[in-house]
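Enquirer: Hey, dropping entry_0.cif in here, mmCIF, C-alpha atoms and all ligand atoms:
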```cif
data_coords
#
loop_
_atom_site.label_atom_id
_atom_site.label_comp_id
_atom_site.auth_asym_id
_atom_site.auth_seq_id
_atom_site.Cartn_x
_atom_site.Cartn_y
_atom_site.Cartn_z
CA MET A 19 -8.14 -5.81 -6.71
CA GLY A 20 -7.16 -2.12 -6.31
CA GLY A 21 -8.26 -2.20 -2.67
CA LEU A 22 -6.67 -5.60 -2.07
CA LEU A 23 -3.29 -4.39 -3.33
CA PHE A 24 -3.68 -1.21 -1.24
CA GLY A 25 -4.23 -3.37 1.87
CA TYR A 26 -1.54 -5.95 1.12
CA ASP A 27 1.06 -3.34 0.27
CA THR A 28 0.49 -1.43 3.52
CA GLY A 29 0.20 -4.56 5.68
CA VAL A 30 3.19 -6.50 4.33
CA ILE A 31 5.85 -4.33 5.95
CA ASN A 32 4.50 -5.27 9.39
CA GLY A 33 6.48 -8.51 9.90
CA ALA A 34 8.81 -8.35 6.90
CA ASN A 35 10.58 -5.35 8.46
CA VAL A 36 12.34 -7.35 11.19
CA PHE A 37 14.06 -9.70 8.70
CA LEU A 38 14.85 -6.84 6.37
CA ARG A 39 16.57 -5.01 9.20
CA ASP A 40 18.79 -8.03 9.89
CA HIS A 41 19.47 -8.65 6.22
CA PHE A 42 20.72 -5.13 5.55
CA GLN A 43 22.07 -4.75 9.09
CA ILE A 44 20.24 -1.49 9.60
CA ALA A 45 21.62 -0.17 12.86
CA SER A 46 20.04 3.25 13.20
CA ASP A 47 16.42 3.56 14.38
CA ALA A 48 15.92 6.57 12.15
CA GLN A 49 16.87 4.60 9.03
CA TYR A 50 14.70 1.68 10.12
CA GLY A 51 11.73 4.02 10.63
CA TRP A 52 12.30 5.44 7.15
CA VAL A 53 12.46 1.96 5.59
CA CYS A 54 9.13 1.08 7.25
CA SER A 55 7.30 4.30 6.40
CA CYS A 56 8.80 5.40 3.05
CA ALA A 57 5.89 3.85 1.12
CA LEU A 58 3.62 6.47 2.71
CA VAL A 59 5.64 9.19 0.95
CA GLY A 60 4.78 7.39 -2.30
CA CYS A 61 1.10 7.33 -1.24
CA ILE A 62 1.15 11.11 -0.80
CA ILE A 63 2.70 11.59 -4.26
CA GLY A 64 0.28 9.08 -5.83
CA ALA A 65 -2.81 10.61 -4.25
CA GLY A 66 -1.70 14.09 -5.30
CA GLY A 67 -1.11 13.15 -8.93
CA ALA A 68 -3.75 10.52 -9.62
CA GLY A 69 -6.66 12.94 -9.76
CA TYR A 70 -5.14 14.78 -12.72
CA MET A 71 -4.30 11.47 -14.34
CA GLY A 72 -7.84 10.17 -13.73
CA ASP A 73 -9.49 13.23 -15.27
CA PHE A 74 -7.02 13.20 -18.17
CA LEU A 75 -6.46 9.51 -19.06
CA GLY A 76 -9.67 8.18 -17.55
CA ARG A 77 -10.12 6.08 -14.42
CA ARG A 78 -9.52 2.72 -16.09
CA LYS A 79 -6.28 3.60 -17.88
CA SER A 80 -4.99 5.26 -14.73
CA LEU A 81 -5.71 2.07 -12.78
CA LEU A 82 -3.66 0.20 -15.39
CA VAL A 83 -0.75 2.51 -14.53
CA CYS A 84 -1.29 1.61 -10.85
CA ALA A 85 -1.19 -2.13 -11.65
CA VAL A 86 2.16 -1.62 -13.42
CA LEU A 87 3.52 0.33 -10.44
CA PHE A 88 2.40 -2.45 -8.07
CA GLY A 89 4.13 -5.04 -10.26
CA ILE A 90 7.41 -3.10 -10.49
CA SER A 91 7.38 -2.49 -6.75
CA ALA A 92 6.66 -6.14 -5.88
CA VAL A 93 9.50 -7.52 -8.00
CA GLY A 94 11.91 -4.68 -7.16
CA SER A 95 11.42 -4.81 -3.39
CA ALA A 96 11.94 -8.60 -3.42
CA PHE A 97 15.38 -8.27 -5.07
CA PRO A 98 16.97 -5.02 -3.93
CA ARG A 99 20.77 -4.81 -3.88
CA SER A 100 20.79 -2.12 -1.21
CA VAL A 101 18.49 -0.45 1.31
CA ASP A 102 18.22 2.58 -0.96
CA GLU A 103 17.05 0.43 -3.83
CA PHE A 104 14.47 -1.16 -1.54
CA VAL A 105 13.21 2.28 -0.49
CA ILE A 106 12.86 3.37 -4.12
CA TYR A 107 10.77 0.30 -5.00
CA ARG A 108 8.59 0.76 -1.90
CA ILE A 109 7.97 4.38 -2.88
CA ILE A 110 6.98 3.25 -6.39
CA GLY A 111 4.46 0.82 -4.81
CA GLY A 112 3.28 3.59 -2.50
CA ILE A 113 2.51 5.78 -5.53
CA GLY A 114 0.31 2.91 -6.77
CA VAL A 115 -1.42 2.65 -3.38
CA GLY A 116 -2.05 6.41 -3.14
CA ALA A 117 -3.34 6.58 -6.70
CA SER A 118 -5.58 3.54 -6.52
CA SER A 119 -6.90 4.64 -3.12
CA LEU A 120 -8.83 7.33 -4.97
CA LEU A 121 -9.21 5.88 -8.46
CA SER A 122 -10.92 2.65 -7.33
CA PRO A 123 -13.66 4.39 -5.28
CA ILE A 124 -14.19 7.01 -8.03
CA TYR A 125 -14.56 4.32 -10.67
CA ILE A 126 -16.96 2.30 -8.51
CA ALA A 127 -19.04 5.37 -7.56
CA GLU A 128 -19.34 6.38 -11.23
CA MET A 129 -20.36 2.88 -12.33
CA ALA A 130 -22.81 2.03 -9.56
CA PRO A 131 -26.56 2.67 -9.60
CA ALA A 132 -27.42 5.29 -6.91
CA ARG A 133 -29.27 2.83 -4.66
CA LEU A 134 -26.23 0.52 -4.39
CA ARG A 135 -23.40 3.06 -4.56
CA GLY A 136 -22.58 3.13 -0.83
CA ARG A 137 -22.51 -0.63 -0.65
CA LEU A 138 -20.31 -1.04 -3.72
CA VAL A 139 -17.78 1.63 -2.71
CA SER A 140 -17.65 -0.04 0.71
CA VAL A 141 -16.68 -3.29 -1.02
CA ASN A 142 -13.44 -1.46 -1.83
CA GLN A 143 -12.88 -0.96 1.92
CA LEU A 144 -13.60 -4.68 2.39
CA ALA A 145 -10.88 -5.42 -0.16
CA ILE A 146 -8.43 -3.17 1.73
CA VAL A 147 -9.14 -4.98 4.98
CA VAL A 148 -8.86 -8.41 3.33
CA GLY A 149 -5.56 -7.26 1.81
CA ILE A 150 -4.21 -6.27 5.23
CA LEU A 151 -5.25 -9.64 6.69
CA LEU A 152 -3.86 -11.52 3.71
CA ALA A 153 -0.49 -9.83 4.17
CA PHE A 154 -0.60 -10.69 7.81
CA PHE A 155 -1.35 -14.36 7.19
CA THR A 156 1.14 -14.82 4.35
CA ASN A 157 3.83 -13.15 6.47
CA TYR A 158 3.00 -15.50 9.32
CA PHE A 159 3.03 -18.55 7.04
CA ILE A 160 6.29 -17.63 5.32
CA GLN A 161 7.94 -16.85 8.63
CA ASN A 162 6.97 -20.26 10.04
CA TYR A 163 8.13 -22.00 6.88
CA GLY A 164 11.49 -20.33 7.30
CA SER A 165 11.96 -20.87 10.99
CA GLU A 166 13.05 -24.49 10.43
CA ARG A 167 15.52 -23.75 7.65
CA VAL A 168 19.04 -22.47 7.83
CA VAL A 169 21.21 -21.32 4.93
CA GLY A 170 24.83 -21.20 6.02
CA GLN A 171 24.96 -18.92 9.00
CA LEU A 172 21.99 -16.85 7.94
CA ALA A 173 18.42 -17.79 8.86
CA TRP A 174 16.25 -18.54 5.82
CA ASN A 175 13.85 -15.74 6.73
CA VAL A 176 16.59 -13.14 6.82
CA ALA A 177 17.99 -14.33 3.51
CA TYR A 178 14.80 -15.16 1.59
CA GLY A 179 11.61 -15.01 3.68
CA TRP A 180 11.05 -11.24 3.39
CA ARG A 181 11.64 -11.44 -0.39
CA TRP A 182 8.68 -13.83 -0.69
CA MET A 183 6.56 -11.55 1.46
CA PHE A 184 7.03 -8.61 -0.93
CA GLY A 185 7.35 -10.70 -4.09
CA LEU A 186 4.01 -12.49 -3.70
CA GLU A 187 2.25 -9.22 -4.51
CA THR A 188 3.36 -9.68 -8.12
CA PHE A 189 0.62 -12.27 -8.70
CA ALA A 190 -2.11 -9.92 -7.53
CA ALA A 191 -0.65 -7.09 -9.63
CA VAL A 192 -0.70 -9.27 -12.76
CA VAL A 193 -4.30 -10.39 -12.12
CA PHE A 194 -5.32 -6.75 -11.56
CA PHE A 195 -3.60 -5.66 -14.78
CA LEU A 196 -5.28 -8.36 -16.87
CA MET A 197 -8.72 -7.86 -15.33
CA LEU A 198 -8.63 -4.15 -16.14
CA PHE A 199 -8.88 -5.11 -19.82
CA LEU A 200 -12.28 -6.66 -19.09
CA ILE A 201 -13.93 -3.54 -17.67
CA PRO A 202 -15.25 -0.49 -19.55
CA ASP A 203 -14.48 3.17 -18.88
CA SER A 204 -16.91 4.76 -16.42
CA PRO A 205 -20.02 6.29 -18.04
CA ARG A 206 -19.43 9.67 -16.39
CA PHE A 207 -15.90 9.87 -17.73
CA LEU A 208 -17.11 8.83 -21.21
CA MET A 209 -19.78 11.52 -21.15
CA ALA A 210 -17.27 14.15 -20.04
CA ARG A 211 -15.30 13.10 -23.15
CA GLU A 212 -18.47 13.39 -25.27
CA LYS A 213 -18.67 9.67 -25.98
CA LYS A 214 -22.39 9.42 -25.46
CA ASP A 215 -23.02 6.09 -27.23
CA ALA A 216 -20.27 4.32 -25.35
CA ALA A 217 -21.60 5.75 -22.06
CA LYS A 218 -25.12 4.55 -22.90
CA THR A 219 -23.87 1.03 -23.62
CA VAL A 220 -22.08 0.89 -20.26
CA LEU A 221 -25.13 2.20 -18.36
CA GLY A 222 -27.27 -0.33 -20.23
CA ARG A 223 -25.09 -3.12 -18.88
CA VAL A 224 -25.62 -1.94 -15.30
CA GLY A 225 -29.35 -1.04 -15.43
CA THR A 226 -32.27 -1.21 -17.88
CA GLU A 227 -32.24 0.67 -21.18
CA ALA A 228 -34.84 3.17 -20.00
CA GLU A 229 -32.77 3.87 -16.88
CA ALA A 230 -29.70 4.32 -19.06
CA ALA A 231 -31.45 6.87 -21.29
CA ALA A 232 -32.69 8.84 -18.28
CA GLN A 233 -29.22 8.80 -16.69
CA ILE A 234 -27.59 10.02 -19.89
CA LYS A 235 -29.93 13.03 -19.93
CA GLU A 236 -29.22 13.77 -16.30
CA ILE A 237 -25.43 13.47 -16.70
CA GLN A 238 -25.52 15.62 -19.86
CA ALA A 239 -27.53 18.38 -18.15
CA VAL A 240 -25.09 18.52 -15.25
CA LEU A 241 -21.99 18.43 -17.47
CA ASN A 242 -23.36 21.39 -19.45
CA GLU A 243 -23.38 23.40 -16.22
CA GLU A 244 -19.79 22.55 -15.27
CA LYS A 245 -16.76 24.38 -16.53
CA GLY A 246 -14.46 21.67 -15.29
CA THR A 247 -11.91 23.90 -13.57
CA LEU A 248 -10.85 23.68 -9.96
CA ALA A 249 -12.42 27.13 -9.53
CA ASP A 250 -15.71 25.19 -9.54
CA LEU A 251 -14.72 24.18 -6.04
CA LEU A 252 -14.98 27.79 -4.95
CA ARG A 253 -18.59 28.07 -6.16
CA PRO A 254 -21.12 28.73 -3.41
CA GLY A 255 -22.00 25.43 -1.81
CA MET A 256 -19.01 23.60 -3.32
CA LYS A 257 -16.58 25.01 -0.76
CA ILE A 258 -18.48 23.21 1.96
CA ALA A 259 -18.24 19.94 -0.02
CA LEU A 260 -14.47 20.33 -0.08
CA LEU A 261 -14.42 21.12 3.64
CA ILE A 262 -16.47 17.97 4.38
CA ALA A 263 -14.19 15.76 2.28
CA ILE A 264 -11.03 17.12 3.90
CA ALA A 265 -12.48 17.00 7.42
CA LEU A 266 -13.64 13.39 7.04
CA ALA A 267 -10.24 12.40 5.65
CA VAL A 268 -8.46 13.94 8.65
CA PHE A 269 -10.96 12.58 11.20
CA GLN A 270 -10.64 9.09 9.68
CA GLN A 271 -6.89 9.15 10.24
CA TRP A 272 -6.50 11.21 13.41
CA SER A 273 -9.00 9.19 15.40
CA GLY A 274 -6.10 6.76 15.48
CA ILE A 275 -6.96 3.69 13.41
CA ASN A 276 -3.45 3.18 12.09
CA ALA A 277 -1.98 3.40 15.59
CA ILE A 278 -3.74 0.04 15.90
CA MET A 279 -3.30 -1.25 12.32
CA TYR A 280 0.45 -0.53 12.28
CA TYR A 281 1.35 -0.87 15.96
CA SER A 282 -1.23 -3.17 17.60
CA THR A 283 1.43 -5.61 18.79
CA ASN A 284 3.28 -2.78 20.55
CA VAL A 285 0.03 -1.52 22.10
CA PHE A 286 -0.84 -4.92 23.59
CA LYS A 287 2.73 -5.32 24.84
CA GLU A 288 2.52 -1.85 26.41
CA ALA A 289 -0.64 -3.02 28.19
CA GLY A 290 1.38 -5.82 29.76
CA TYR A 291 0.91 -8.87 27.51
CA ASP A 292 3.80 -10.97 26.20
CA SER A 293 4.82 -11.10 22.56
CA ASP A 294 2.89 -14.27 21.67
CA ALA A 295 -0.36 -13.03 23.17
CA ALA A 296 0.10 -9.61 21.55
CA PHE A 297 0.52 -11.29 18.17
CA ALA A 298 -2.63 -13.41 18.63
CA PHE A 299 -4.68 -10.40 19.76
CA SER A 300 -3.55 -8.53 16.65
CA VAL A 301 -5.06 -11.27 14.51
CA GLY A 302 -8.27 -10.80 16.50
CA VAL A 303 -8.18 -7.08 15.71
CA GLY A 304 -7.81 -7.85 11.98
CA VAL A 305 -10.73 -10.28 12.06
CA THR A 306 -12.93 -7.76 13.94
CA ASN A 307 -12.05 -5.15 11.31
CA LEU A 308 -13.17 -7.54 8.58
CA ALA A 309 -16.38 -8.68 10.31
CA PHE A 310 -17.64 -5.15 11.01
CA THR A 311 -16.86 -3.96 7.49
CA PHE A 312 -19.70 -6.30 6.43
CA VAL A 313 -21.99 -4.49 8.86
CA GLY A 314 -21.06 -1.19 7.19
CA ILE A 315 -21.71 -2.63 3.73
CA ALA A 316 -25.12 -3.90 4.82
CA LEU A 317 -26.20 -0.61 6.39
CA VAL A 318 -24.67 2.25 4.37
CA ASP A 319 -27.43 2.42 1.72
CA ARG A 320 -30.20 1.50 4.18
CA LEU A 321 -29.52 3.69 7.21
CA GLY A 322 -27.49 6.22 5.24
CA ARG A 323 -24.03 7.76 5.57
CA LYS A 324 -24.81 10.22 8.35
CA PRO A 325 -26.29 7.90 11.03
CA LEU A 326 -23.48 5.38 10.47
CA LEU A 327 -20.79 8.05 10.82
CA ILE A 328 -22.35 9.54 13.96
CA ALA A 329 -22.95 6.14 15.60
CA GLY A 330 -19.44 4.92 14.70
CA ALA A 331 -17.69 8.07 15.92
CA ALA A 332 -19.72 8.01 19.15
CA VAL A 333 -18.81 4.38 19.89
CA GLN A 334 -15.18 5.18 19.01
CA THR A 335 -15.23 8.02 21.57
CA VAL A 336 -16.49 5.71 24.33
CA ALA A 337 -14.13 2.85 23.41
CA LEU A 338 -11.04 5.08 23.13
CA THR A 339 -11.87 6.81 26.43
CA THR A 340 -12.09 3.34 27.97
CA VAL A 341 -8.66 2.45 26.51
CA ALA A 342 -7.24 5.66 28.01
CA ILE A 343 -8.74 4.86 31.43
CA ALA A 344 -7.59 1.22 31.22
CA PHE A 345 -3.99 2.32 30.61
CA ALA A 346 -4.17 4.89 33.40
CA LEU A 347 -5.50 2.32 35.90
CA GLU A 348 -3.31 -0.49 34.50
CA LEU A 349 -6.19 -2.80 33.59
CA PRO A 350 -4.89 -4.86 30.62
CA ALA A 351 -8.11 -6.92 30.29
CA LEU A 352 -10.05 -3.72 29.67
CA VAL A 353 -7.61 -2.68 26.91
CA LEU A 354 -8.22 -6.06 25.35
CA ILE A 355 -11.98 -5.48 25.25
CA ALA A 356 -12.02 -1.80 24.31
CA ILE A 357 -9.61 -1.94 21.35
CA PRO A 358 -11.69 -4.42 19.30
CA VAL A 359 -14.80 -2.35 20.10
CA TYR A 360 -13.01 0.72 18.72
CA VAL A 361 -11.85 -1.14 15.60
CA GLY A 362 -15.35 -2.59 15.05
CA ALA A 363 -16.89 0.90 15.28
CA PHE A 364 -14.37 2.28 12.78
CA ALA A 365 -14.96 -0.66 10.43
CA PHE A 366 -18.69 -0.06 10.02
CA SER A 367 -18.46 3.74 9.87
CA LEU A 368 -15.43 5.98 9.29
CA GLY A 369 -13.54 3.17 7.49
CA PRO A 370 -15.86 2.66 4.51
CA VAL A 371 -18.12 5.72 4.72
CA THR A 372 -15.29 8.27 4.43
CA TRP A 373 -14.38 6.78 1.06
CA VAL A 374 -18.04 6.63 0.01
CA VAL A 375 -18.64 10.30 0.82
CA ILE A 376 -15.46 11.71 -0.70
CA SER A 377 -16.04 9.77 -3.93
CA GLU A 378 -19.60 11.06 -4.39
CA ILE A 379 -19.76 14.70 -3.36
CA PHE A 380 -17.81 16.39 -6.18
CA PRO A 381 -18.90 17.36 -9.73
CA THR A 382 -17.97 14.87 -12.45
CA LYS A 383 -15.61 17.04 -14.50
CA ILE A 384 -13.41 17.82 -11.52
CA ARG A 385 -14.15 14.76 -9.36
CA GLY A 386 -10.69 13.29 -9.86
CA ARG A 387 -8.80 16.46 -9.04
CA ALA A 388 -11.08 17.42 -6.15
CA MET A 389 -10.92 13.97 -4.59
CA SER A 390 -7.16 14.12 -5.05
CA ILE A 391 -6.98 17.08 -2.67
CA ALA A 392 -8.95 15.20 0.01
CA THR A 393 -7.02 11.95 -0.48
CA LEU A 394 -3.66 13.73 -0.47
CA ILE A 395 -4.59 15.25 2.88
CA LEU A 396 -5.77 11.82 4.11
CA TRP A 397 -2.34 10.33 3.39
CA ILE A 398 -0.48 13.27 4.94
CA ALA A 399 -2.69 12.87 8.04
CA CYS A 400 -1.90 9.12 7.99
CA TYR A 401 1.83 9.81 7.77
CA LEU A 402 1.71 12.35 10.64
CA LEU A 403 -0.26 9.98 12.85
CA SER A 404 1.99 6.98 12.32
CA GLN A 405 5.07 9.16 12.75
CA THR A 406 3.84 10.76 16.00
CA PHE A 407 2.24 7.71 17.64
CA PRO A 408 5.50 6.22 19.01
CA MET A 409 6.64 9.71 20.04
CA LEU A 410 3.37 10.34 21.90
CA LEU A 411 3.61 6.96 23.63
CA GLU A 412 7.08 7.90 24.80
CA GLY A 413 6.20 11.51 25.66
CA ILE A 414 2.74 11.51 27.27
CA GLY A 415 2.08 7.76 27.60
CA ALA A 416 -0.62 5.48 26.20
CA SER A 417 -3.40 6.91 28.32
CA GLY A 418 -2.91 10.50 27.15
CA THR A 419 -2.43 9.40 23.54
CA PHE A 420 -5.69 7.47 23.37
CA ALA A 421 -7.49 10.29 25.19
CA ILE A 422 -6.47 12.60 22.31
CA TYR A 423 -7.88 10.11 19.76
CA ALA A 424 -11.10 9.93 21.81
CA GLY A 425 -11.41 13.74 21.70
CA ILE A 426 -10.92 13.74 17.92
CA SER A 427 -13.62 11.05 17.52
CA LEU A 428 -16.02 13.19 19.54
CA MET A 429 -15.26 16.23 17.36
CA CYS A 430 -15.97 14.03 14.33
CA ALA A 431 -19.41 13.00 15.63
CA VAL A 432 -20.34 16.64 16.29
CA PHE A 433 -19.01 17.78 12.90
CA VAL A 434 -20.96 15.12 10.99
CA PHE A 435 -24.12 15.89 12.95
CA MET A 436 -23.88 19.62 12.18
CA VAL A 437 -22.36 19.80 8.70
CA VAL A 438 -22.62 16.60 6.63
CA PRO A 439 -25.79 16.17 4.51
CA GLU A 440 -27.32 12.73 3.76
CA THR A 441 -26.52 11.53 0.24
CA LYS A 442 -28.00 8.02 0.42
CA GLY A 443 -30.00 7.03 -2.68
CA MET A 444 -29.23 10.27 -4.59
CA SER A 445 -27.65 10.07 -8.04
CA LEU A 446 -24.27 11.78 -8.41
CA GLU A 447 -26.03 14.44 -10.47
CA GLU A 448 -28.66 15.04 -7.77
CA ILE A 449 -25.89 15.47 -5.22
CA GLU A 450 -24.25 18.01 -7.48
CA GLY A 451 -27.55 19.85 -7.91
CA PHE A 452 -27.90 19.91 -4.13
CA TRP A 453 -24.58 21.78 -3.72
CA SER A 454 -25.38 24.25 -6.49
CA LYS A 455 -28.62 25.26 -4.76
CA ARG A 456 -26.85 25.71 -1.44
CA LYS A 457 -25.62 29.20 -0.68
C1 LIG B 501 -8.02 3.68 5.89
C2 LIG B 501 -6.64 3.11 6.15
C3 LIG B 501 -6.73 2.03 7.23
C4 LIG B 501 -7.79 1.00 6.85
C5 LIG B 501 -7.97 0.04 7.99
C6 LIG B 501 -8.95 2.58 5.50
O1 LIG B 501 -10.23 3.11 5.24
O2 LIG B 501 -7.96 4.68 4.88
O3 LIG B 501 -5.77 4.14 6.57
O4 LIG B 501 -5.48 1.39 7.38
O5 LIG B 501 -9.02 1.63 6.55
O6 LIG B 501 -8.98 -0.88 7.79
#
```
As structure tokens - that is how I would like this structure written.

Expert:
Amino acid sequence: MGGLLFGYDTGVINGANVFLRDHFQIASDAQYGWVCSCALVGCIIGAGGAGYMGDFLGRRKSLLVCAVLFGISAVGSAFPRSVDEFVIYRIIGGIGVGASSLLSPIYIAEMAPARLRGRLVSVNQLAIVVGILLAFFTNYFIQNYGSERVVGQLAWNVAYGWRWMFGLETFAAVVFFLMLFLIPDSPRFLMAREKKDAAKTVLGRVGTEAEAAAQIKEIQAVLNEEKGTLADLLRPGMKIALLIAIALAVFQQWSGINAIMYYSTNVFKEAGYDSDAAFAFSVGVGVTNLAFTFVGIALVDRLGRKPLLIAGAAVQTVALTTVAIAFALELPALVLIAIPVYVGAFAFSLGPVTWVVISEIFPTKIRGRAMSIATLILWIACYLLSQTFPMLLEGIGASGTFAIYAGISLMCAVFVFMVVPETKGMSLEEIEGFWSKRK
């Protein structure tokens, strides 16, 4: 549900924004851009603060705070009295998105048995993608429902449609809130708080009792080694873990995925298709994203993180280079083939695996705060990309822009090949031991 709300909240603006603009008669492009992207500022704040909250309150209670933020944002952005009020409620929702974008994977990674961890954290990515698609479909449905209705002089969509689009998120927020009462705190967090019996009970629910006892010993031994300060990150070996997390976060964003997720309709129009076709192709992109996330889930614990990342980044490089060439030679059909290939490659590799890796490579006592640094940078990178994409299109054209994203994908493949270790099948404590031994 955390991932679903993350996806819905980011996807919903794409479609609702047009009616909102009419409703509030937003004339300036700058203000319109701000209305569309202000939630990302909330994401940056949420990602920056949630790590501290997660280490302090626990992952579960912090997720409860996120559910409340989602609820307030959904109701508030459906009934704003002014644009400024709308922006405030979107930022509140963004804080929830940023915070849950790291708390959900951390919680899952800390709950999951080592052999299934990659798969289970990737289910969070699946939820994000489903959330994006869900927003897309509900927006489409609401918009069609409204197109027949007229209220006075104002179209139904401009008066009410967009309110439904944002307001519907309330249901998911309430379900999320209630469901959080059914789950326990993560065993690693409980152990860090010296609640050994509670941790053992939780581990016993996930695996056998013997496994639980062995895990408790392992977690205890590692926790005894940790001081739990951010200075731990400067220990030999740990610095490289931080570098890997930050680099993957930036590569995930700067290889351009949200240029497609946020602007696909514009991209297809730029290639020469009309509005209707561009809209239909965007649905195709969403479906491809979903389908290939399943491939990632199936392979991440079998093949491992590293081969998936290298293969995905390599295919991205080829596909994005093809997009660049297709724009340069004005071959719209080639754009239409290469973009889904790019999205598919992202969906089985950098999409889920980035979140898997950054949720598993830090020590338990500082995992929240350390992952916060990486996630904060991920959201800043996301903001910069979505801010610069239209400017790049205008300035150097589509071909040059996609060539840059291709170059970044290639750098990613080389970086993963040279620097990222394989963490498939290792327990979180074994991964930590691995860093400590590394000089
Ligand atoms: C990324 C998001 C992106 C989504 C697309 C996630 O892993 O963090 O920025 O919009 O994948 O599927």

Enquirer: Could you produce a table of the residues of chain A lying within 7 Å of ligand LIG 501 (chain B), with the nearest pair of atoms per residue and their separation in Å rounded to one decimal, using only C-alpha atoms and all ligand atoms, ordered by chain and increasing residue number, as a tab-separated table?

Expert:
```
residue	atom	partner	partner_atom	distance
A:Gln143	CA	B:LIG501	O1	5.9
A:Ile146	CA	B:LIG501	O6	6.5
A:Val147	CA	B:LIG501	O6	5.0
A:Gln271	CA	B:LIG501	O3	6.3
A:Ile275	CA	B:LIG501	C3	6.4
A:Asn276	CA	B:LIG501	O4	5.4
A:Met279	CA	B:LIG501	O4	6.0
A:Asn307	CA	B:LIG501	O6	6.3
A:Ala365	CA	B:LIG501	O6	6.5
A:Gly369	CA	B:LIG501	O1	4.0
A:Pro370	CA	B:LIG501	O1	5.7
A:Trp373	CA	B:LIG501	O1	6.9
A:Cys400	CA	B:LIG501	O3	6.5
```

Enquirer: Using only C-alpha atoms, which residues sit within 7 Å of Phe37 of chain A once same-chain residues fewer than 2 positions away are excluded, as a list in words?

Expert: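 Surrounding residues, per the criterion: Ala34, Asn35, Arg39, Asp40, His41, Asn175, Val176 and Trp180 of chain A.
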
Enquirer: Residues at most 6 Å from segment 156-166 of chain A, counting only C-alpha atoms, excluding those fewer than 3 positions away in the same chain, as JSON, numbers by chain?

Expert: {"A": [153, 174, 175, 183]}

Enquirer: Under the rule that all atoms listed in the file are counted, which of A:Val36, A:Leu121, A:Ala92, A:Ala132 is the nearest residue to Gly72 of chain A?

Expert: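 The answer is A:Leu121, which sits nearest to Gly72 of chain A.
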
Enquirer: May I ask which of the residues A:Ala399, A:Ala392, A:Leu321, A:Ala295 is the closest one to Leu354 of chain A, counting only C-alpha atoms?

Expert: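 Of A:Ala399, A:Ala392, A:Leu321, A:Ala295, the one nearest Leu354 of chain A is A:Ala295, counting only C-alpha atoms.
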
Enquirer: Tell me, as number ranges by chain, which residues lie within 12 Å of Gly21 of chain A, counting only C-alpha atoms; anything in the same chain fewer than 2 positions away does not count.

Expert: A: 19, 23-28, 81, 84-85, 88, 114-123, 126, 139-150, 190-191, 194, 370, 373

Enquirer: Restricted to C-alpha atoms, what would the selected residues look like written as a tab-separated table (two decimals), in the coordinates of the input?

Expert:
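See out-v4.tsv below for the written result:
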```
chain	number	residue	atom	x	y	z
A	19	MET	CA	-8.14	-5.81	-6.71
A	23	LEU	CA	-3.29	-4.39	-3.33
A	24	PHE	CA	-3.68	-1.21	-1.24
A	25	GLY	CA	-4.23	-3.37	1.87
A	26	TYR	CA	-1.54	-5.95	1.12
A	27	ASP	CA	1.06	-3.34	0.27
A	28	THR	CA	0.49	-1.43	3.52
A	81	LEU	CA	-5.71	2.07	-12.78
A	84	CYS	CA	-1.29	1.61	-10.85
A	85	ALA	CA	-1.19	-2.13	-11.65
A	88	PHE	CA	2.40	-2.45	-8.07
A	114	GLY	CA	0.31	2.91	-6.77
A	115	VAL	CA	-1.42	2.65	-3.38
A	116	GLY	CA	-2.05	6.41	-3.14
A	117	ALA	CA	-3.34	6.58	-6.70
A	118	SER	CA	-5.58	3.54	-6.52
A	119	SER	CA	-6.90	4.64	-3.12
A	120	LEU	CA	-8.83	7.33	-4.97
A	121	LEU	CA	-9.21	5.88	-8.46
A	122	SER	CA	-10.92	2.65	-7.33
A	123	PRO	CA	-13.66	4.39	-5.28
A	126	ILE	CA	-16.96	2.30	-8.51
A	139	VAL	CA	-17.78	1.63	-2.71
A	140	SER	CA	-17.65	-0.04	0.71
A	141	VAL	CA	-16.68	-3.29	-1.02
A	142	ASN	CA	-13.44	-1.46	-1.83
A	143	GLN	CA	-12.88	-0.96	1.92
A	144	LEU	CA	-13.60	-4.68	2.39
A	145	ALA	CA	-10.88	-5.42	-0.16
A	146	ILE	CA	-8.43	-3.17	1.73
A	147	VAL	CA	-9.14	-4.98	4.98
A	148	VAL	CA	-8.86	-8.41	3.33
A	149	GLY	CA	-5.56	-7.26	1.81
A	150	ILE	CA	-4.21	-6.27	5.23
A	190	ALA	CA	-2.11	-9.92	-7.53
A	191	ALA	CA	-0.65	-7.09	-9.63
A	194	PHE	CA	-5.32	-6.75	-11.56
A	370	PRO	CA	-15.86	2.66	4.51
A	373	TRP	CA	-14.38	6.78	1.06
```

Enquirer: Separation of atom CA of Leu221 of chain A and atom CA of Pro131 of chain A, in Å?

Expert: 8.9 Å

Enquirer: Pick the closest to Glu212 of chain A from A:Leu196, A:Leu241, A:Ala416, A:Leu368: which is it, counting only C-alpha atoms?

Expert: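 Checking each candidate against Glu212 of chain A, we get A:Leu241 as the closest.
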
Enquirer: Please report as a tab-separated table every residue of segment 83-200 of chain A lying within 9 Å of segment 296-302 of chain A, along with the nearest atom pair and their distance in Å (one decimal), using all atoms listed in the file.

Expert:
```
residue	atom	partner	partner_atom	distance
A:Leu151	CA	A:Val301	CA	8.0
A:Phe154	CA	A:Val301	CA	8.1
A:Phe155	CA	A:Val301	CA	8.8
```

Enquirer: Which is closer to Ile90 of chain A than all the others in A:Pro350, A:Gly246, A:Pro254, A:Gly112, using only C-alpha atoms?

Expert: A:Gly112
